[in-house]
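Colleague: Below: one structure in C-alpha cells.
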Number of protein chains: 2
Amino acid sequence: MSRQLVVGAAQLGPVARDEPRESVVARMLELLHAGAAAGCQLLVYPELALTSFFPRWDLAGDELDSFFETEMPGPATKALFDGAAELGVGFCLGYAELTPEGHRYNSQMLVARDGSVAATFRKVHLPGHEEPEPWRPFQHLERRYFEPGPAGFGVWRCFGGVVGMMICNDRRWPESYRVLGLQGVELILCGYNTPIHYPPDPGQDRLQGFHSALVMQSGAYQNGTWVVGVAKAGREEGAELLAESCIIAPSGEIVAQAATAGDELVVATVDLDRCAHYKDTVFDFQRYRMIEQYGLITSRRGAVPPPALDEE
Amino acid sequence: MSRQLVVGAAQLGPVARDEPRESVVARMLELLHAGAAAGCQLLVYPELALTSFFPRWDLAGDELDSFFETEMPGPATKALFDGAAELGVGFCLGYAELTPEGHRYNSQMLVARDGSVAATFRKVHLPGHEEPEPWRPFQHLERRYFEPGPAGFGVWRCFGGVVGMMICNDRRWPESYRVLGLQGVELILCGYNTPIHYPPDPGQDRLQGFHSALVMQSGAYQNGTWVVGVAKAGREEGAELLAESCIIAPSGEIVAQAATAGDELVVATVDLDRCAHYKDTVFDFQRYRMIEQYGLITSRRGAVPPPALDEE
C-alpha cells in the first residue's frame with residue numbers, strides 16, 4: 001500500500017480588516033481547485049485564515065466577536081467544505097473559535113476528503129501580551145483574546161498516516177514536536193501569522209525567516225516527521241508578515257517553499273514511509289531517550305539559574 | 001562588569017590508534033598557546049580528545065582499558081593543566097573515564113583558568129549499539145563501553161556566566177538543551193566525534209554537517225544560549241569524521257566555523273549578555289512554557305502511535 005500523499009501548502013497573502021469572509025473563502029477555493037488540479041489530497045491553510053490578524057488591535061465587544069466563528073462550517077465557510085467534498089481534497093484551516101460555552105480559542109480544523117470534520121486542534125502556546133501596550137506600533141493580544149487549548153497536542157490517523165497539528169508560536173517550542181513525536185506523528189500541519197517586526201527585541205526582525213525554518217526543520221528531524229508550515233503573508237494593514245511557507249521532510253530538509261508573499265500554492269509529494277528512516281535509527285526513542293534525566297522539563301516552568309557567586 | 005568572554009573551539013584532526021597521549025597533548029598545547037595569543041579565556045577540545053575514537057573497534061581487557069584515563073590530570077595530561085595555569089586559559093576536555101569503582105563514562109572536564117578542575121560532565125545519550133555488528137564497516141560500541149552519566153545535565157557558574165556541558169550525541173536531543181536552559185545556561189560546551197558514514201541508514205551521510213548544525217543552532221536559539229561545538233575531524237583510521245566545529249550565538253547564528261578538517265583554532269567573542277535577548281522575550285519560559293501539556297516527555301520513553309484503523 002502506497003504511503004505517498006500529495007500535500008499543498010496554501011499560503012494566503014494579506015487579508016484586509018474589512019475584507020468579507022466570502023472574499024477570503026473565494027481565494028481559498030481558488031487554491032483548492034489549483035490543488036485538486038495538481039493532484040493534492042490535502043491542502044493546508046494558514047492560522048486565522050478567514051480574517052485579518054486581529055490580535056494586532058485592541059478590540060472588545062461586538063467588534064472583537066466579529067472575528068470569531070461560532071459554527072464551522074458556517075454560512076461563509078460552507079462553500080469550502082462543499083468544495084472539498086466535491087473535489088475530494090481534504091484541508092486544514094485556522095480560525096478563531098468562539099464556543100457555545102463562551103470559550104475562545106485559536107483553532108485549526110482538519111477536514112477529510114469527504115468534507116467531514118476529522119479533528120480540531122486549539123493552539124497551546126499563546127505568544128504576545130495580556131494588556132494593551134500603547135508603545136508598540138501594533139499589538140499582539142493573543143493572550144488577551146484566547147485561552148490556551150486545554151487538550152494539548154493530539155494525533156489522528158487520517159490521510160494514510162499519523163497526523164498532528166500545531167499553530168504558529170507552538171512551532172518554536174521543541175516540546176510541541178516531541179509530544180507529537182511520542183505519539184508517532186508522521187505529518188505535522190502548522191499555520192502561522194508571523195509579524196516580521198518584533199517590538200520587544202527588534203534585533204530579531206532580520207532573523208524571522210531563519211528562525212521559522214530553524215525550528216520547523218529541527219522539529220522535523222528530531223522526531224522523524226514531515227512538517228507543513230503555512231503563512232498568512234505580506235503587508236497586512238501596515239504590518240509585514242513572514243511568507244516562506246514550506247514543506248519539510250523528516251530529514252529536516254525543505255523540499256518546497258513559497259516564492260512570493262501572496263496567495264500561492266506550494267506542492268510536494270510526502271512519502272510517509274520516509275519517517276521510519278529516522279524514527280527507527282538515530283531517533284529510536286525507546287532505545288535512546290533518557291527520560292530519567294528530563295525531569296525538569298515537566299516539573300519546572302521557568303528557568304532557575306544557580307545562585308550568584310559571592311564576589312571575592 | 002563586562003560579560004564578554006573570548007572562546008576558542010580547538011578542533012583536532014585525526015588521532016591515530018598508536019599515537020601516544022603525549023603527542024596529542026603536545027598538539028593540544030600548541031592550540032592552547034595559539035588561544036592565549038588570541039586572547040582566549042577558554043578553549044574547548046573535542047570528545048575523547050586524547051585517543052583515537054576507539055568505539056569503532058571491538059575491544060576488551062587491557063586493550064580496551066588502554067584508552068581510558070584513571071586519573072585526571074594523569075602523567076600524560078599534567079602538561080595541559082600546567083599550561084592552562086601558566087597561560088591563564090581554562091579548557092574543556094573530553095576523555096574516557098575509568099573510575100576507582102570501575103565505572104566507565106564518556107566524560108568531559110571543565111578546567112578553570114588557574115588549572116583547577118571546575119566541573120565534570122558524563123555523557124547522557126549514548127549512541128550506537130551494545131553488541132558487535134560485524135556487517136558494519138566500523139563499529140560504534142559506545143553502549144558497550146560506557147554507562148550513561150548518572151548525574152544528567154548540570155550547570156556551573158564560572159567564566160563569568162552559567163556554563164553547561166554535553167557530549168556529541170547529547171546535542172541531537174532537544175531535551176539536553178532544555179534541561180540546561182531551565183537552569184539558566186548561557187554557554188554550552190560540546191565536543192563530538194561524528195562519523196560521516198552512518199551504517200544503519202547511509203542516506204543520512206550527506207546530511208551529517210547539516211544535521212549537526214541544525215540541532216546546535218536550534219538548541220541555542222530555543223534556549224537563548226551560546227553553544228560551542230568542537231569536532232575531532234578528518235580521516236581517522238579509515239573513518240571520515242565530521243569537522244565543522246563552530247561557535248553559535250543565542251540567535252542561532254553560527255558566528256565562527258572551522259574551515260579545515262585538521263587541528264584548527266576557531267575564536268569568537270562571546271557576549272553572555274546577548275542571551276537575555278531571547279530568555280527575556282520570546283523564550284521567557286516562566287511566562288510562556290505550557291508544562292501542563294508536556295507530560296509525555298518525561299512519562300513515556302518510546303513512541304506509541306495510535307491504534308491502526310480497521311481496513312474498510
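Every chain in the C-alpha cells has a letter given in the order shown (A, B, ...), and although residue numbers restart at 1 in each chain, ligands are simply numbered from 1 in the order shown.
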Step one, run DSSP on the backbone; step two, keep only residues of segment 7-117 of chain B assigned to helix (DSSP H, G or I); then write them as a ChimeraX atom specification.
Modeller: /B:21-37,54-56,61-65,78-87
Colleague: Residues as selected, N, CA, C and O atoms, written as a tab-separated table (two decimals), in the first residue's frame, can you do that?
Modeller:
```tsv
chain	number	residue	atom	x	y	z
B	21	ARG	N	49.52	9.52	23.94
B	21	ARG	CA	48.85	10.68	24.52
B	21	ARG	C	49.78	11.90	24.54
B	21	ARG	O	49.32	13.03	24.36
B	22	GLU	N	51.06	11.68	24.78
B	22	GLU	CA	51.98	12.81	24.86
B	22	GLU	C	51.97	13.60	23.55
B	22	GLU	O	52.09	14.82	23.56
B	23	SER	N	51.85	12.89	22.46
B	23	SER	CA	51.82	13.55	21.15
B	23	SER	C	50.53	14.37	20.99
B	23	SER	O	50.56	15.51	20.51
B	24	VAL	N	49.40	13.78	21.40
B	24	VAL	CA	48.13	14.52	21.30
B	24	VAL	C	48.18	15.73	22.21
B	24	VAL	O	47.75	16.84	21.82
B	25	VAL	N	48.69	15.54	23.42
B	25	VAL	CA	48.74	16.67	24.36
B	25	VAL	C	49.64	17.78	23.81
B	25	VAL	O	49.36	18.97	23.97
B	26	ALA	N	50.70	17.40	23.12
B	26	ALA	CA	51.56	18.43	22.51
B	26	ALA	C	50.78	19.23	21.46
B	26	ALA	O	50.91	20.45	21.36
B	27	ARG	N	49.95	18.53	20.68
B	27	ARG	CA	49.11	19.24	19.70
B	27	ARG	C	48.12	20.16	20.41
B	27	ARG	O	47.86	21.29	19.97
B	28	MET	N	47.56	19.66	21.51
B	28	MET	CA	46.59	20.47	22.26
B	28	MET	C	47.27	21.70	22.88
B	28	MET	O	46.68	22.78	22.94
B	29	LEU	N	48.52	21.51	23.34
B	29	LEU	CA	49.26	22.64	23.92
B	29	LEU	C	49.55	23.71	22.87
B	29	LEU	O	49.53	24.90	23.16
B	30	GLU	N	49.80	23.24	21.66
B	30	GLU	CA	50.04	24.21	20.59
B	30	GLU	C	48.79	25.08	20.38
B	30	GLU	O	48.88	26.30	20.23
B	31	LEU	N	47.63	24.42	20.38
B	31	LEU	CA	46.38	25.17	20.25
B	31	LEU	C	46.16	26.07	21.46
B	31	LEU	O	45.63	27.19	21.34
B	32	LEU	N	46.56	25.60	22.64
B	32	LEU	CA	46.39	26.40	23.86
B	32	LEU	C	47.22	27.67	23.78
B	32	LEU	O	46.75	28.76	24.14
B	33	HIS	N	48.43	27.53	23.30
B	33	HIS	CA	49.27	28.73	23.14
B	33	HIS	C	48.70	29.67	22.09
B	33	HIS	O	48.70	30.88	22.27
B	34	ALA	N	48.21	29.11	21.00
B	34	ALA	CA	47.58	29.95	19.98
B	34	ALA	C	46.36	30.66	20.56
B	34	ALA	O	46.11	31.84	20.27
B	35	GLY	N	45.62	29.94	21.39
B	35	GLY	CA	44.45	30.54	22.04
B	35	GLY	C	44.85	31.67	22.97
B	35	GLY	O	44.21	32.74	22.98
B	36	ALA	N	45.88	31.46	23.74
B	36	ALA	CA	46.35	32.51	24.64
B	36	ALA	C	46.76	33.74	23.84
B	36	ALA	O	46.42	34.88	24.19
B	37	ALA	N	47.46	33.51	22.73
B	37	ALA	CA	47.90	34.63	21.90
B	37	ALA	C	46.71	35.37	21.30
B	37	ALA	O	46.77	36.57	21.05
B	54	PHE	N	37.94	5.07	19.80
B	54	PHE	CA	38.09	3.61	19.93
B	54	PHE	C	36.77	2.83	19.89
B	54	PHE	O	36.82	1.61	19.64
B	55	PRO	N	35.57	3.45	20.13
B	55	PRO	CA	34.35	2.64	19.99
B	55	PRO	C	34.13	2.09	18.58
B	55	PRO	O	33.23	1.29	18.37
B	56	ARG	N	34.98	2.47	17.64
B	56	ARG	CA	34.83	1.89	16.30
B	56	ARG	C	35.40	0.48	16.22
B	56	ARG	O	35.25	-0.19	15.19
B	61	GLY	N	39.43	-6.11	27.65
B	61	GLY	CA	40.59	-6.30	28.52
B	61	GLY	C	41.54	-5.11	28.52
B	61	GLY	O	41.13	-3.95	28.44
B	62	ASP	N	42.84	-5.43	28.58
B	62	ASP	CA	43.85	-4.37	28.68
B	62	ASP	C	43.83	-3.43	27.48
B	62	ASP	O	44.08	-2.23	27.60
B	63	GLU	N	43.49	-4.01	26.31
B	63	GLU	CA	43.48	-3.18	25.11
B	63	GLU	C	42.40	-2.10	25.23
B	63	GLU	O	42.65	-0.93	24.92
B	64	LEU	N	41.23	-2.50	25.72
B	64	LEU	CA	40.18	-1.52	25.93
B	64	LEU	C	40.60	-0.52	27.01
B	64	LEU	O	40.47	0.70	26.86
B	65	ASP	N	41.12	-1.05	28.12
B	65	ASP	CA	41.50	-0.17	29.23
B	65	ASP	C	42.52	0.87	28.84
B	65	ASP	O	42.57	1.96	29.42
B	78	LYS	N	49.12	16.10	32.54
B	78	LYS	CA	49.50	17.14	33.51
B	78	LYS	C	50.04	18.39	32.80
B	78	LYS	O	49.77	19.53	33.24
B	79	ALA	N	50.74	18.18	31.70
B	79	ALA	CA	51.32	19.32	30.98
B	79	ALA	C	50.24	20.29	30.52
B	79	ALA	O	50.46	21.51	30.46
B	80	LEU	N	49.06	19.76	30.19
B	80	LEU	CA	47.96	20.61	29.73
B	80	LEU	C	47.43	21.47	30.88
B	80	LEU	O	47.16	22.67	30.72
B	81	PHE	N	47.26	20.83	32.03
B	81	PHE	CA	46.80	21.57	33.21
B	81	PHE	C	47.82	22.63	33.61
B	81	PHE	O	47.46	23.76	33.97
B	82	ASP	N	49.11	22.25	33.56
B	82	ASP	CA	50.15	23.22	33.90
B	82	ASP	C	50.16	24.38	32.91
B	82	ASP	O	50.28	25.55	33.30
B	83	GLY	N	50.00	24.03	31.64
B	83	GLY	CA	49.96	25.08	30.61
B	83	GLY	C	48.80	26.03	30.82
B	83	GLY	O	48.93	27.25	30.65
B	84	ALA	N	47.64	25.48	31.17
B	84	ALA	CA	46.47	26.31	31.42
B	84	ALA	C	46.74	27.30	32.54
B	84	ALA	O	46.46	28.50	32.43
B	85	ALA	N	47.31	26.78	33.64
B	85	ALA	CA	47.59	27.65	34.79
B	85	ALA	C	48.61	28.72	34.42
B	85	ALA	O	48.47	29.90	34.79
B	86	GLU	N	49.60	28.31	33.68
B	86	GLU	CA	50.66	29.25	33.30
B	86	GLU	C	50.14	30.36	32.39
B	86	GLU	O	50.47	31.54	32.56
B	87	LEU	N	49.30	29.97	31.43
B	87	LEU	CA	48.78	30.93	30.46
B	87	LEU	C	47.51	31.63	30.94
B	87	LEU	O	47.09	32.61	30.34
```
Colleague: Under the rule of at most 7 Å, produce a per-residue listing of chain B near chain A: chain, number, name, the closest pair of atoms, and the distance in Å, as CSV, using only C-alpha atoms.
Modeller:
```
residue,atom,partner,partner_atom,distance
B:His125,CA,A:Tyr288,CA,6.6
B:Gly152,CA,A:Gln293,CA,5.4
B:Pro174,CA,A:Pro174,CA,6.5
B:Glu175,CA,A:Tyr294,CA,6.5
B:Arg178,CA,A:Ile297,CA,6.9
B:Val179,CA,A:Leu296,CA,6.0
B:Gly181,CA,A:Ala303,CA,6.6
B:Leu182,CA,A:Ala303,CA,4.1
B:Gln183,CA,A:Pro305,CA,4.7
B:Gly184,CA,A:Pro305,CA,4.4
B:Pro200,CA,A:Thr281,CA,6.6
B:Asp201,CA,A:His277,CA,6.8
B:Leu214,CA,A:Ser218,CA,6.1
B:Val215,CA,A:Ser218,CA,6.1
B:Ser218,CA,A:Leu214,CA,6.1
B:His277,CA,A:Asp201,CA,6.8
B:Thr281,CA,A:Pro200,CA,6.6
B:Phe285,CA,A:Gly302,CA,4.6
B:Gln286,CA,A:Gly302,CA,3.7
B:Tyr288,CA,A:His125,CA,6.6
B:Arg289,CA,A:Arg301,CA,6.0
B:Met290,CA,A:His125,CA,6.7
B:Ile291,CA,A:Thr298,CA,5.3
B:Gln293,CA,A:Gly152,CA,5.4
B:Tyr294,CA,A:Thr298,CA,6.0
B:Gly295,CA,A:Thr298,CA,6.2
B:Leu296,CA,A:Val179,CA,6.0
B:Ile297,CA,A:Val179,CA,6.2
B:Thr298,CA,A:Ile291,CA,5.3
B:Arg301,CA,A:Gln286,CA,5.4
B:Gly302,CA,A:Gln286,CA,3.7
B:Ala303,CA,A:Leu182,CA,4.1
B:Val304,CA,A:Gln183,CA,5.0
B:Pro305,CA,A:Gly184,CA,4.4
B:Pro306,CA,A:Gln183,CA,6.8
```
Colleague: Any chance you can output those residues with C-alpha atoms as a tab-separated table (two decimals), in the first residue's frame?
Modeller:
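Once everything was written out, this is out-v4.tsv:
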```tsv
chain	number	residue	atom	x	y	z
B	125	HIS	CA	22.79	9.91	25.47
B	152	GLY	CA	22.42	14.25	33.98
B	174	PRO	CA	16.26	18.91	22.45
B	175	GLU	CA	15.80	17.67	25.99
B	178	ARG	CA	16.08	22.34	27.63
B	179	VAL	CA	17.20	20.82	30.93
B	181	GLY	CA	18.01	26.07	29.69
B	182	LEU	CA	15.78	25.55	32.72
B	183	GLN	CA	18.90	26.09	34.82
B	184	GLY	CA	19.68	29.35	33.05
B	200	PRO	CA	22.06	1.93	9.76
B	201	ASP	CA	20.86	4.49	7.18
B	214	LEU	CA	20.68	22.25	12.79
B	215	VAL	CA	20.44	20.71	16.25
B	218	SER	CA	18.00	25.32	17.25
B	277	HIS	CA	17.58	39.00	24.30
B	281	THR	CA	11.34	37.79	25.32
B	285	PHE	CA	9.95	30.25	29.99
B	286	GLN	CA	8.07	31.34	33.11
B	288	TYR	CA	5.19	31.04	28.02
B	289	ARG	CA	6.03	27.40	28.74
B	290	MET	CA	2.97	25.13	28.99
B	291	ILE	CA	4.25	22.34	31.20
B	293	GLN	CA	0.86	19.74	28.20
B	294	TYR	CA	4.37	18.24	28.27
B	295	GLY	CA	3.67	15.18	30.43
B	296	LEU	CA	4.54	12.56	27.83
B	297	ILE	CA	8.10	13.88	27.56
B	298	THR	CA	9.01	12.53	30.97
B	301	ARG	CA	10.22	6.78	26.71
B	302	GLY	CA	9.32	5.33	23.33
B	303	ALA	CA	6.79	6.44	20.75
B	304	VAL	CA	3.33	4.89	20.91
B	305	PRO	CA	1.34	5.54	17.73
B	306	PRO	CA	-2.44	5.39	17.88
```
Colleague: Tell me, in Å to one decimal, how far atom CA of Thr269 of chain B is from atom CA of Val228 of chain B.
Modeller: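 So the two atoms, atom CA of Thr269 of chain B and atom CA of Val228 of chain B, lie 11.6 Å apart.
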Colleague: Fewer than 6 positions away in the same chain doesn't count, so skip those; otherwise give me all residues within 10 Å of segment 92-98 of chain B, counting only C-alpha atoms, as a ChimeraX atom specification.
Modeller: /B:9-10,28,42-51,54,65-72,104-112,117-123,145-146,165,167,189-192
Colleague: Between A:Glu101, A:Gly209, A:Trp226, A:Gly13, which has the minimum distance to Asp263 of chain A (counting only C-alpha atoms)?
Modeller: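 Answer, going by the shortest atom-to-atom distance: A:Gly13.
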Colleague: Identify which of the residues A:Gly238, A:Pro100, A:Pro20, A:Pro250 lies closest to Ile188 of chain A, counting only C-alpha atoms when measuring atom-to-atom distances.
Modeller: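 For Ile188 of chain A, the nearest of the given residues is A:Pro250.
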